[in-house]
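Source file: input-v6.csv. Holds: CSV, C-alpha atoms.
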chain,number,residue,atom,x,y,z
L,28,MET,CA,268.9,197.8,1.5
L,29,ILE,CA,267.3,195.6,4.1
L,30,PRO,CA,268.5,196.1,7.7
L,31,VAL,CA,269.8,192.7,8.7
L,32,TYR,CA,271.5,192.0,12.0
L,33,ALA,CA,273.1,188.7,12.8
L,34,VAL,CA,273.5,187.6,16.4
L,35,ILE,CA,276.4,185.2,17.1
L,36,THR,CA,277.0,183.8,20.5
L,37,ALA,CA,280.5,182.6,21.1
L,38,TYR,CA,282.4,180.9,23.8
L,39,ASN,CA,286.1,180.2,23.1
L,40,GLU,CA,285.4,180.2,19.4
L,41,ALA,CA,288.4,182.3,18.3
L,42,GLN,CA,289.4,179.7,15.7
L,43,ASN,CA,285.9,179.1,14.3
L,44,LEU,CA,284.7,182.7,14.3
L,45,GLY,CA,287.1,184.0,11.7
L,46,PRO,CA,285.9,181.7,8.9
L,47,VAL,CA,282.3,182.4,9.8
L,48,MET,CA,282.9,186.1,9.6
L,49,GLU,CA,284.6,185.7,6.3
L,50,ARG,CA,281.6,183.9,4.9
L,51,MET,CA,279.3,186.5,6.4
L,52,ALA,CA,281.3,189.2,4.6
L,53,GLU,CA,281.0,187.3,1.4
L,54,VAL,CA,277.2,187.1,1.8
L,55,GLY,CA,277.2,190.7,2.7
L,56,ARG,CA,279.0,191.6,-0.5
L,57,GLN,CA,276.9,189.4,-2.8
L,58,TRP,CA,273.4,190.0,-1.2
L,59,ASN,CA,272.9,192.6,1.4
L,60,PRO,CA,275.1,194.1,4.1
L,61,ILE,CA,274.8,192.3,7.4
L,62,THR,CA,275.7,193.8,10.7
L,63,THR,CA,277.1,191.2,13.0
L,64,ILE,CA,276.7,191.3,16.7
L,65,VAL,CA,279.0,188.9,18.6
L,66,VAL,CA,278.2,188.1,22.2
L,67,ASP,CA,281.3,186.7,23.9
L,68,ASP,CA,280.1,184.5,26.8
L,69,GLY,CA,283.2,184.8,29.0
L,70,SER,CA,285.7,183.3,26.6
L,71,SER,CA,289.3,182.9,27.8
L,72,ASP,CA,290.7,182.9,24.2
L,73,ASP,CA,290.9,185.7,21.6
L,74,THR,CA,287.2,185.5,20.6
L,75,VAL,CA,286.6,189.2,21.3
L,76,ALA,CA,289.7,190.3,19.4
L,77,VAL,CA,288.7,188.2,16.4
L,78,ALA,CA,285.2,189.7,16.4
L,79,ARG,CA,286.5,193.3,16.7
L,80,GLU,CA,289.0,192.6,14.0
L,81,HIS,CA,286.1,191.8,11.6
L,82,GLY,CA,284.3,195.0,12.5
L,83,CYS,CA,281.5,193.3,14.6
L,84,LEU,CA,279.6,194.9,17.4
L,85,VAL,CA,280.7,193.1,20.5
L,86,ALA,CA,279.2,192.6,23.9
L,87,VAL,CA,281.1,190.7,26.5
L,88,HIS,CA,279.8,188.7,29.4
L,89,PRO,CA,282.6,188.9,32.0
L,90,VAL,CA,281.6,185.3,33.1
L,91,ASN,CA,280.2,182.3,31.3
L,92,LEU,CA,276.4,182.3,31.5
L,93,GLY,CA,275.5,179.8,28.8
L,94,GLN,CA,274.4,180.2,25.2
L,95,GLY,CA,270.8,181.1,26.1
L,96,TYR,CA,271.7,184.1,28.1
L,97,ALA,CA,274.3,185.2,25.6
L,98,LEU,CA,271.6,185.0,22.9
L,99,LEU,CA,269.2,187.1,24.9
L,100,THR,CA,271.9,189.7,25.3
L,101,GLY,CA,272.5,189.6,21.6
L,102,PHE,CA,268.7,190.1,20.9
L,103,LYS,CA,268.6,193.1,23.3
L,104,LEU,CA,271.6,194.6,21.5
L,105,ALA,CA,270.2,193.9,18.0
L,106,LEU,CA,266.8,195.5,19.0
L,107,MET,CA,268.7,198.6,20.0
L,108,TYR,CA,270.0,199.0,16.5
L,109,CYS,CA,267.5,197.2,14.2
L,110,PRO,CA,264.4,199.0,13.0
L,111,ASP,CA,261.0,197.2,13.1
L,112,ASP,CA,261.1,196.4,9.4
L,113,GLY,CA,264.5,194.8,9.7
L,114,TYR,CA,265.5,191.2,10.3
L,115,ILE,CA,267.5,189.6,13.2
L,116,VAL,CA,269.3,186.4,12.4
L,117,GLU,CA,270.5,184.0,15.1
L,118,LEU,CA,273.3,181.6,14.2
L,119,ASP,CA,276.1,179.7,15.9
L,120,GLY,CA,279.7,180.9,15.9
L,121,ASP,CA,281.2,177.5,15.5
L,122,GLY,CA,280.8,177.3,11.8
L,123,GLN,CA,278.0,174.8,11.7
L,124,HIS,CA,275.6,177.4,10.4
L,125,ASP,CA,276.7,178.6,7.0
L,126,PRO,CA,275.8,182.3,6.5
L,127,ILE,CA,275.1,181.5,2.9
L,128,PHE,CA,271.6,180.4,4.0
L,129,ILE,CA,270.7,183.8,5.5
L,130,PRO,CA,269.3,185.2,2.2
L,131,ARG,CA,267.2,182.1,1.7
L,132,LEU,CA,265.8,182.3,5.3
L,133,VAL,CA,265.1,186.1,5.0
L,134,HIS,CA,263.4,185.8,1.7
L,135,HIS,CA,261.4,182.9,2.9
L,136,LEU,CA,260.2,185.0,5.9
L,137,ALA,CA,259.3,187.9,3.6
L,138,GLU,CA,257.4,185.6,1.2
L,139,GLN,CA,255.5,183.6,3.8
L,140,LYS,CA,254.7,186.8,5.8
L,141,VAL,CA,255.5,185.0,9.1
L,142,ASP,CA,257.2,186.4,12.2
L,143,ILE,CA,260.0,183.8,12.4
L,144,VAL,CA,261.7,181.4,10.0
L,145,VAL,CA,263.5,178.4,11.5
L,146,GLY,CA,266.2,176.5,9.6
L,147,SER,CA,265.4,172.9,9.4
L,148,ARG,CA,268.2,170.4,9.3
L,149,ILE,CA,265.8,167.6,8.6
L,150,LEU,CA,264.7,169.2,5.4
L,151,GLY,CA,268.3,169.9,4.4
L,152,SER,CA,270.3,167.7,2.1
L,153,ASN,CA,272.9,166.3,4.5
L,154,TYR,CA,270.8,165.3,7.5
L,155,ASP,CA,271.7,161.6,7.0
L,156,ASP,CA,275.2,162.4,8.2
L,157,ALA,CA,273.9,163.8,11.5
L,158,PRO,CA,275.0,162.1,14.7
L,159,PHE,CA,272.9,159.1,15.9
L,160,PHE,CA,271.5,160.7,19.0
L,161,ARG,CA,270.3,163.8,17.1
L,162,ARG,CA,268.6,161.7,14.4
L,163,THR,CA,266.9,159.5,17.0
L,164,MET,CA,265.8,162.1,19.6
L,165,LEU,CA,265.2,165.2,17.5
L,166,PRO,CA,261.9,164.0,16.0
L,167,TYR,CA,260.5,163.2,19.5
L,168,TYR,CA,261.4,166.6,20.9
L,169,THR,CA,260.0,168.3,17.8
L,170,LYS,CA,256.8,166.3,18.0
L,171,ALA,CA,256.3,167.2,21.7
L,172,ILE,CA,256.9,170.9,21.0
L,173,ASN,CA,254.6,170.8,18.0
L,174,ARG,CA,251.9,169.2,20.1
L,175,ILE,CA,252.1,171.8,22.8
L,176,THR,CA,252.5,174.8,20.5
L,177,GLY,CA,250.3,173.8,17.6
L,178,TYR,CA,253.1,174.6,15.2
L,179,ASP,CA,253.9,172.1,12.4
L,180,LEU,CA,257.7,172.1,12.3
L,181,THR,CA,260.2,169.4,11.5
L,182,ASP,CA,263.1,170.7,13.5
L,183,THR,CA,262.5,172.9,16.5
L,184,MET,CA,266.0,172.6,18.0
L,185,CYS,CA,268.0,174.3,15.2
L,186,GLY,CA,269.7,177.5,16.3
L,187,PHE,CA,269.6,179.1,12.9
L,188,ARG,CA,266.6,181.3,12.9
L,189,VAL,CA,265.5,184.6,11.4
L,190,PHE,CA,263.1,186.9,13.3
L,191,LYS,CA,261.2,189.9,12.1
L,192,ALA,CA,262.6,192.7,14.3
L,193,GLY,CA,259.2,194.2,15.0
L,194,SER,CA,257.9,190.8,16.2
L,195,LEU,CA,260.9,190.2,18.4
L,196,ARG,CA,260.5,193.6,19.9
L,197,ARG,CA,256.9,192.8,20.8
L,198,MET,CA,258.3,189.8,22.6
L,199,SER,CA,261.0,191.7,24.6
L,200,ALA,CA,259.1,191.4,27.9
L,201,VAL,CA,258.6,187.7,27.3
L,202,LEU,CA,262.3,187.2,26.5
L,203,ASP,CA,263.1,188.9,29.8
L,204,ARG,CA,261.0,186.4,31.6
L,205,MET,CA,262.5,183.2,30.2
L,206,LEU,CA,262.9,180.7,33.0
L,207,GLU,CA,265.5,178.4,31.4
L,208,PRO,CA,267.4,180.5,28.8
L,209,GLN,CA,269.9,177.7,28.7
L,210,TYR,CA,267.4,175.6,26.8
L,211,ILE,CA,265.8,178.5,25.0
L,212,ALA,CA,264.4,176.8,21.9
L,213,ALA,CA,261.5,174.9,23.6
L,214,GLU,CA,260.5,177.7,25.9
L,215,MET,CA,260.7,180.3,23.1
L,216,PHE,CA,258.4,178.3,20.8
L,217,MET,CA,255.9,177.9,23.6
L,218,ARG,CA,255.8,181.5,24.6
L,219,PHE,CA,255.7,182.7,21.0
L,220,SER,CA,252.8,180.4,20.1
L,221,HIS,CA,251.0,181.7,23.2
L,222,ALA,CA,251.5,185.2,21.9
L,223,GLY,CA,250.2,184.2,18.4
L,224,LEU,CA,253.4,184.5,16.5
L,225,THR,CA,253.6,182.6,13.2
L,226,ILE,CA,256.5,180.4,12.3
L,227,SER,CA,257.7,178.7,9.1
L,228,GLU,CA,260.8,176.8,8.2
L,229,ALA,CA,263.2,176.5,5.4
L,230,PRO,CA,265.8,173.8,4.7
L,231,ILE,CA,269.4,174.4,5.7
L,232,ASP,CA,272.5,172.2,5.5
L,233,LEU,CA,274.6,171.8,8.7
L,234,GLN,CA,278.3,172.1,8.3
L,235,ASP,CA,281.0,170.4,10.4
L,236,ARG,CA,282.6,172.6,13.0
L,237,THR,CA,285.8,174.2,11.7
L,238,SER,CA,287.6,173.1,14.9
L,239,GLY,CA,286.9,172.0,18.5
L,240,LYS,CA,284.1,169.9,19.9
L,241,SER,CA,280.6,170.9,20.9
L,242,ARG,CA,280.0,171.1,24.7
L,243,LYS,CA,276.4,170.1,24.5
L,244,GLY,CA,275.7,166.6,25.8
L,245,PHE,CA,272.6,165.4,23.9
L,246,ILE,CA,271.0,163.6,26.9
L,247,ARG,CA,271.7,166.4,29.4
L,248,TYR,CA,270.4,168.8,26.8
L,249,GLY,CA,267.3,166.8,26.2
L,250,VAL,CA,266.5,166.6,29.9
L,251,GLY,CA,267.0,170.3,30.2
L,252,VAL,CA,264.7,170.9,27.3
L,253,LEU,CA,262.0,168.8,28.9
L,254,ARG,CA,262.5,170.7,32.2
L,255,ALA,CA,262.2,174.1,30.4
L,256,MET,CA,259.0,173.0,28.6
L,257,PHE,CA,257.5,171.9,31.9
L,258,LYS,CA,258.4,175.1,33.7
L,259,ALA,CA,257.2,177.3,30.8
L,260,TRP,CA,253.9,175.3,30.7
L,261,LEU,CA,253.5,175.8,34.5
L,262,ASP,CA,254.3,179.5,34.2
L,263,GLN,CA,251.9,180.1,31.3
L,264,ASN,CA,249.0,178.2,32.9
L,265,TYR,CA,249.4,178.8,36.6
L,266,ARG,CA,251.3,182.0,37.0
L,267,ARG,CA,249.6,184.6,39.2
L,268,LYS,CA,248.6,187.5,37.1
L,269,LYS,CA,250.2,190.7,38.4
H,12,MET,CA,261.2,164.0,82.4
H,13,LYS,CA,264.5,162.1,82.6
H,14,ILE,CA,267.6,164.2,82.8
H,15,THR,CA,270.7,162.7,81.3
H,16,THR,CA,273.9,164.3,80.1
H,17,ILE,CA,272.8,164.1,76.5
H,18,THR,CA,269.4,165.8,77.2
H,19,ILE,CA,271.2,168.6,79.0
H,20,LEU,CA,273.6,168.9,76.1
H,21,ILE,CA,270.9,169.0,73.5
H,22,ALA,CA,268.8,171.5,75.5
H,23,ALA,CA,271.9,173.7,76.0
H,24,CYS,CA,272.7,173.6,72.3
H,25,ALA,CA,269.1,174.5,71.5
H,26,CYS,CA,269.2,177.5,73.9
H,27,LEU,CA,272.5,178.6,72.4
H,28,GLY,CA,271.1,178.4,68.9
H,29,ILE,CA,268.0,180.4,69.9
H,30,TRP,CA,270.2,183.0,71.5
H,31,HIS,CA,272.4,183.2,68.4
H,32,SER,CA,269.5,183.5,66.0
H,33,LEU,CA,268.0,186.3,68.1
H,34,ARG,CA,271.4,188.0,68.3
H,35,LEU,CA,271.6,187.8,64.5
H,36,LEU,CA,268.2,189.3,64.2
H,37,LYS,CA,269.2,192.2,66.6
H,38,GLN,CA,272.2,192.8,64.4
H,39,ASP,CA,270.0,192.9,61.4
H,40,ARG,CA,272.0,190.1,59.7
H,41,VAL,CA,268.9,187.9,59.3
H,42,GLY,CA,265.2,188.6,58.6
H,43,ILE,CA,262.5,188.1,61.3
H,44,ALA,CA,261.0,185.1,59.4
H,45,SER,CA,264.3,183.3,59.3
H,46,ALA,CA,265.1,184.0,62.9
H,47,LEU,CA,261.7,182.9,64.1
H,48,THR,CA,261.8,179.7,62.0
H,49,TRP,CA,265.1,178.7,63.4
H,50,SER,CA,264.1,179.6,67.0
H,51,VAL,CA,260.9,177.6,66.8
H,52,MET,CA,262.8,174.6,65.4
H,53,LEU,CA,265.4,174.8,68.1
H,54,LEU,CA,262.8,175.2,70.8
H,55,PHE,CA,261.1,172.1,69.4
H,56,ILE,CA,264.3,170.2,69.5
H,57,GLY,CA,265.1,171.4,73.1
H,58,LEU,CA,261.6,170.4,74.3
H,59,ALA,CA,261.8,167.1,72.6
H,60,ALA,CA,265.0,166.3,74.4
H,61,LEU,CA,263.8,167.4,77.8
H,62,PHE,CA,260.2,166.0,77.5
H,63,PRO,CA,260.4,163.0,75.3
H,64,GLU,CA,256.9,161.9,76.5
H,65,ALA,CA,255.4,165.0,74.9
H,66,MET,CA,256.5,163.6,71.6
H,67,ASP,CA,254.2,160.6,72.2
H,68,PHE,CA,251.3,163.1,72.2
H,69,PHE,CA,252.4,164.7,68.9
H,70,ALA,CA,253.1,161.3,67.4
H,71,ARG,CA,249.5,160.2,68.3
H,72,LEU,CA,248.2,163.4,66.8
H,73,ALA,CA,250.0,162.6,63.6
H,74,MET,CA,248.5,159.1,63.8
H,75,MET,CA,252.0,157.4,64.3
H,76,GLU,CA,252.6,154.9,67.0
H,77,ASN,CA,256.3,155.2,67.3
H,78,ARG,CA,257.8,158.4,68.8
H,79,MET,CA,261.1,157.9,67.0
H,80,PHE,CA,259.4,157.4,63.7
H,81,PHE,CA,257.5,160.7,64.2
H,82,ILE,CA,260.8,162.6,64.9
H,83,ILE,CA,262.5,161.1,61.9
H,84,VAL,CA,259.5,162.0,59.6
H,85,ILE,CA,259.4,165.5,60.9
H,86,ALA,CA,263.1,166.0,60.5
H,87,LEU,CA,262.9,164.7,56.9
H,88,LEU,CA,260.0,167.0,56.1
H,89,ILE,CA,261.9,170.0,57.5
H,90,ILE,CA,265.0,169.1,55.5
H,91,PHE,CA,263.0,168.6,52.3
H,92,ALA,CA,261.2,171.9,52.8
H,93,MET,CA,264.5,173.7,53.4
H,94,LEU,CA,266.0,172.1,50.3
H,95,PHE,CA,263.1,173.2,48.1
H,96,TYR,CA,263.3,176.7,49.5
H,97,LEU,CA,267.0,176.9,49.0
H,98,MET,CA,266.7,175.5,45.4
H,99,PHE,CA,264.2,178.1,44.4
H,100,LYS,CA,266.1,180.9,46.1
H,101,PHE,CA,269.3,179.7,44.5
H,102,GLU,CA,267.7,179.6,41.0
H,103,GLU,CA,266.2,183.1,41.5
H,104,MET,CA,269.6,184.5,42.6
H,105,GLU,CA,271.3,182.8,39.6
H,106,ARG,CA,268.7,184.4,37.3
H,107,ARG,CA,269.1,187.8,38.9
H,108,GLN,CA,272.9,187.5,38.6
H,109,ALA,CA,272.6,186.6,34.9
H,110,ARG,CA,270.4,189.6,34.2
H,111,SER,CA,272.8,191.9,36.0
H,112,ILE,CA,275.7,190.5,33.9
H,113,GLN,CA,273.6,191.0,30.7
H,114,THR,CA,272.9,194.6,31.6
H,115,LEU,CA,276.6,195.1,32.4
H,116,ALA,CA,277.6,193.7,29.0
H,117,ILE,CA,275.1,196.0,27.2
H,118,LEU,CA,276.2,199.1,29.2
H,119,GLN,CA,279.9,198.3,28.5
H,120,HIS,CA,279.1,198.0,24.9
H,121,GLN,CA,277.4,201.4,24.9
H,122,LEU,CA,280.3,202.8,26.7
H,123,ASP,CA,282.7,201.4,24.2
H,124,GLN,CA,280.5,202.9,21.4
H,125,LEU,CA,280.7,206.3,23.1
H,126,GLN,CA,284.4,206.1,23.5
H,127,GLY,CA,284.8,205.1,19.9
H,128,ASP,CA,286.5,201.8,20.6
H,129,GLN,CA,284.0,200.1,18.3
H,130,ALA,CA,282.1,201.6,15.5
H,131,ASP,CA,278.6,200.6,14.6
H,132,PRO,CA,278.8,199.3,11.0
H,133,ALA,CA,275.2,200.4,10.5
H,134,ALA,CA,276.2,204.0,11.3
H,135,ASP,CA,279.8,204.0,10.2
H,136,PRO,CA,280.3,203.3,6.5
H,137,GLU,CA,284.0,202.7,7.0
H,138,ALA,CA,283.4,199.9,9.4
H,139,ARG,CA,280.7,198.5,7.2
H,140,ALA,CA,283.1,198.4,4.3
H,141,ARG,CA,285.7,196.8,6.5
H,142,GLN,CA,283.2,194.1,7.4
H,143,SER,CA,282.2,193.6,3.8
H,144,ASP,CA,285.8,193.2,2.8
Once you've parsed the file, please lay out its structure as structure tokens.
Amino acid sequence: MIPVYAVITAYNEAQNLGPVMERMAEVGRQWNPITTIVVDDGSSDDTVAVAREHGCLVAVHPVNLGQGYALLTGFKLALMYCPDDGYIVELDGDGQHDPIFIPRLVHHLAEQKVDIVVGSRILGSNYDDAPFFRRTMLPYYTKAINRITGYDLTDTMCGFRVFKAGSLRRMSAVLDRMLEPQYIAAEMFMRFSHAGLTISEAPIDLQDRTSGKSRKGFIRYGVGVLRAMFKAWLDQNYRRKK
Amino acid sequence: MKITTITILIAACACLGIWHSLRLLKQDRVGIASALTWSVMLLFIGLAALFPEAMDFFARLAMMENRMFFIIVIALLIIFAMLFYLMFKFEEMERRQARSIQTLAILQHQLDQLQGDQADPAADPEARARQSD
């Protein structure tokens, strides 16, 4: 049995979380048990109740801090439970990331002997159906991040990732120092490449949200990502050594 | 020095401001750096109101010919500096607050675990079975 911990961040996702947890349970039965950690980011609906109902470990932010901070809380919690030889999976609670891909990502990580595997929507089979802004802007962001980090990825913005627990533990101090957790992807890749962590990617198909609408505006998000990259670059190159 | 109602009013306001910032310092409600910054700024405003000719000297030092232009530039510089300082301070406070909330959430989770409100599916086979079902 491989120790696998899935971290799901959720903000008012009571309606979407149930189906995700059911899929997770199905994967758990067919493949390997998965312990799910749900970080509720100040929801006003029944997200916490739904998570507890499905037997998840739950951490609750009393106020909404944003997905990045919720994710960091989830990582901290996962590292409290997961041994170094285990895996920590990050996925969204809105139903867009199908847990069915978890075994594929974990096996890919084990086979490639890397520290992180990122799900790539571009390599997936249904990327042509993606919204216009994502299809247009994503390659540019990815190219910029690849250029800075030296990685060769096709999709750096996907929030479906698997980490080797030991590698993530090594990066705990770095995670604590994140300057813009709201736009965690870019900064995380920059800091991980600086620390010499290896990354590979595997195709995933993105599903439609079960209900509700995403709160991420693509332009605002893009500007935030650029800001996060600039700050991380400044911090890495010009931060006073303590 | 040309005394008018407005110069007296500005000088009086500056004196009042200096007195207030020193009082706040005495009451330990502001730090020494902050109290000194405000006092120096108010002193500068008071002197500029009472001795406008002195501003000509400073304007020439800054290689500006117009006294008013010099005052506007200085005021803008001060405002920008304060804005930057406040922005960084605000961001730092926001980050600290977020870290505190994260710690609180983890501590609450541990407390829940201890009280048995939740069970760790990794440790508790019953809960794991419930999740798998």
### Query
If we count all atoms listed in the file, what is near segment 50-64 of chain H at a cut-off of 7 Å, once residues fewer than 6 positions away on the same chain are taken out, given as an MDAnalysis selection string?
chainID H and resid 12 18 21:22 25 28:29 32
### Message
Distance limit 10 Å, atoms considered: all atoms listed in the file. Which chain L residues sit that close to chain H? Return them as number ranges by chain.
### Response
L: 30-32, 48-57, 59-64, 66-68, 79-93, 96-97, 99-101, 103-104, 107-109, 203-208
### Query
Just how far from atom CA of Glu228 of chain L is atom CA of Val145 of chain L, in Å to one decimal?
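Taking atom CA of Val145 of chain L as the start and atom CA of Glu228 of chain L as the end point, the length is 4.6 Å.
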### Query
For Lys170 of chain L, which of L:Ala213, L:Ala255, L:Val189, L:Leu233 is the closest residue, counting only C-alpha atoms?
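Ranking L:Ala213, L:Ala255, L:Val189, L:Leu233 by distance to Lys170 of chain L, first place goes to L:Ala213.
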### Between atom CA of His31 of chain H and atom CA of Met79 of chain H, distance in Å (one decimal)
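Calculated distance between atom CA of His31 of chain H and atom CA of Met79 of chain H is 27.7 Å.
The shell of residues at most 12 Å from Phe257 of chain L, with all atoms listed in the file counted and near chain neighbours (fewer than 2 positions) removed, consists of Ala171, Ile172, Ile175, Leu206, Glu207, Tyr210, Ala213, Glu214, Met217, Val250, Gly251, Val252, Leu253, Arg254, Ala255, Ala259, Trp260, Leu261, Asp262, Gln263, Asn264 and Tyr265 of chain L.
Among the candidate residues L:Thr225, L:Ser70, L:Ser152, L:Ser147, the one lying nearest to Gly186 of chain L is L:Ser147, with distances computed using all atoms listed in the file.
The residue that comes closest to Asp73 of chain L, out of L:Gly95, L:Gly45, L:Gly122, L:Gly223 and on the basis of all atoms listed in the file, is L:Gly45.
Interatomic distance, atom CA of Ile85 of chain H to atom CA of Lys258 of chain L: 28.9 Å.
Using all atoms listed in the file, the protein and nucleic acid residues lying no more than 12 Å from Met75 of chain H, apart from those fewer than 6 places from it along its own chain, are Met66, Asp67, Phe68, Phe69, Phe81, Ile82, Ile83, Val84 and Ile85 of chain H.
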### Query
Mind listing as a list in words all residues within 9 Å of (264.3, 184.6, 15.6), counting all atoms listed in the file?
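Every polymer residue passing the test: Phe102, Tyr114, Ile115, Val116, Glu117, Asp142, Ile143, Val144, Val145, Gly186, Phe187, Arg188, Val189, Phe190, Lys191, Ala192, Ser194 and Leu195 of chain L.
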Output segment 54-70 of chain H as a PDB file, in the coordinates of the input, making sure N, CA, C and O atoms are there.
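Printed below is result_38.pdb as written:
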ATOM      1  N   LEU H  54     263.649 175.366  69.561  1.00  0.00           N
ATOM      2  CA  LEU H  54     262.800 175.200  70.800  1.00  0.00           C
ATOM      3  C   LEU H  54     262.175 173.827  70.767  1.00  0.00           C
ATOM      4  O   LEU H  54     262.137 173.136  71.791  1.00  0.00           O
ATOM      5  N   PHE H  55     261.697 173.428  69.602  1.00  0.00           N
ATOM      6  CA  PHE H  55     261.100 172.100  69.400  1.00  0.00           C
ATOM      7  C   PHE H  55     262.081 171.006  69.762  1.00  0.00           C
ATOM      8  O   PHE H  55     261.767 170.053  70.483  1.00  0.00           O
ATOM      9  N   ILE H  56     263.302 171.171  69.282  1.00  0.00           N
ATOM     10  CA  ILE H  56     264.300 170.200  69.500  1.00  0.00           C
ATOM     11  C   ILE H  56     264.663 170.101  71.045  1.00  0.00           C
ATOM     12  O   ILE H  56     264.765 169.024  71.641  1.00  0.00           O
ATOM     13  N   GLY H  57     264.797 171.275  71.659  1.00  0.00           N
ATOM     14  CA  GLY H  57     265.100 171.400  73.100  1.00  0.00           C
ATOM     15  C   GLY H  57     264.007 170.687  73.916  1.00  0.00           C
ATOM     16  O   GLY H  57     264.290 169.883  74.826  1.00  0.00           O
ATOM     17  N   LEU H  58     262.755 171.003  73.592  1.00  0.00           N
ATOM     18  CA  LEU H  58     261.600 170.400  74.300  1.00  0.00           C
ATOM     19  C   LEU H  58     261.536 168.924  74.127  1.00  0.00           C
ATOM     20  O   LEU H  58     261.245 168.175  75.072  1.00  0.00           O
ATOM     21  N   ALA H  59     261.805 168.518  72.888  1.00  0.00           N
ATOM     22  CA  ALA H  59     261.800 167.100  72.600  1.00  0.00           C
ATOM     23  C   ALA H  59     262.805 166.326  73.382  1.00  0.00           C
ATOM     24  O   ALA H  59     262.590 165.186  73.808  1.00  0.00           O
ATOM     25  N   ALA H  60     263.962 166.978  73.629  1.00  0.00           N
ATOM     26  CA  ALA H  60     265.000 166.300  74.400  1.00  0.00           C
ATOM     27  C   ALA H  60     264.667 166.269  75.879  1.00  0.00           C
ATOM     28  O   ALA H  60     264.887 165.257  76.540  1.00  0.00           O
ATOM     29  N   LEU H  61     264.068 167.368  76.372  1.00  0.00           N
ATOM     30  CA  LEU H  61     263.800 167.400  77.800  1.00  0.00           C
ATOM     31  C   LEU H  61     262.493 166.628  78.152  1.00  0.00           C
ATOM     32  O   LEU H  61     262.419 166.019  79.212  1.00  0.00           O
ATOM     33  N   PHE H  62     261.504 166.701  77.251  1.00  0.00           N
ATOM     34  CA  PHE H  62     260.200 166.000  77.500  1.00  0.00           C
ATOM     35  C   PHE H  62     259.905 165.019  76.391  1.00  0.00           C
ATOM     36  O   PHE H  62     259.029 165.272  75.568  1.00  0.00           O
ATOM     37  N   PRO H  63     260.609 163.906  76.359  1.00  0.00           N
ATOM     38  CA  PRO H  63     260.400 163.000  75.300  1.00  0.00           C
ATOM     39  C   PRO H  63     258.944 162.408  75.239  1.00  0.00           C
ATOM     40  O   PRO H  63     258.411 162.071  74.185  1.00  0.00           O
ATOM     41  N   GLU H  64     258.291 162.383  76.439  1.00  0.00           N
ATOM     42  CA  GLU H  64     256.900 161.900  76.500  1.00  0.00           C
ATOM     43  C   GLU H  64     255.964 162.750  75.703  1.00  0.00           C
ATOM     44  O   GLU H  64     254.952 162.277  75.164  1.00  0.00           O
ATOM     45  N   ALA H  65     256.303 164.067  75.678  1.00  0.00           N
ATOM     46  CA  ALA H  65     255.400 165.000  74.900  1.00  0.00           C
ATOM     47  C   ALA H  65     255.392 164.601  73.457  1.00  0.00           C
ATOM     48  O   ALA H  65     254.401 164.829  72.760  1.00  0.00           O
ATOM     49  N   MET H  66     256.468 164.003  73.015  1.00  0.00           N
ATOM     50  CA  MET H  66     256.500 163.600  71.600  1.00  0.00           C
ATOM     51  C   MET H  66     255.502 162.497  71.301  1.00  0.00           C
ATOM     52  O   MET H  66     254.994 162.405  70.192  1.00  0.00           O
ATOM     53  N   ASP H  67     255.215 161.689  72.344  1.00  0.00           N
ATOM     54  CA  ASP H  67     254.200 160.600  72.200  1.00  0.00           C
ATOM     55  C   ASP H  67     252.850 161.278  71.794  1.00  0.00           C
ATOM     56  O   ASP H  67     252.129 160.778  70.928  1.00  0.00           O
ATOM     57  N   PHE H  68     252.569 162.387  72.484  1.00  0.00           N
ATOM     58  CA  PHE H  68     251.300 163.100  72.200  1.00  0.00           C
ATOM     59  C   PHE H  68     251.245 163.559  70.770  1.00  0.00           C
ATOM     60  O   PHE H  68     250.271 163.319  70.059  1.00  0.00           O
ATOM     61  N   PHE H  69     252.359 164.196  70.322  1.00  0.00           N
ATOM     62  CA  PHE H  69     252.400 164.700  68.900  1.00  0.00           C
ATOM     63  C   PHE H  69     252.360 163.549  67.927  1.00  0.00           C
ATOM     64  O   PHE H  69     251.738 163.647  66.878  1.00  0.00           O
ATOM     65  N   ALA H  70     253.050 162.460  68.284  1.00  0.00           N
ATOM     66  CA  ALA H  70     253.100 161.300  67.400  1.00  0.00           C
ATOM     67  C   ALA H  70     251.670 160.731  67.227  1.00  0.00           C
ATOM     68  O   ALA H  70     251.242 160.394  66.116  1.00  0.00           O
TER      69      ALA H  70
END
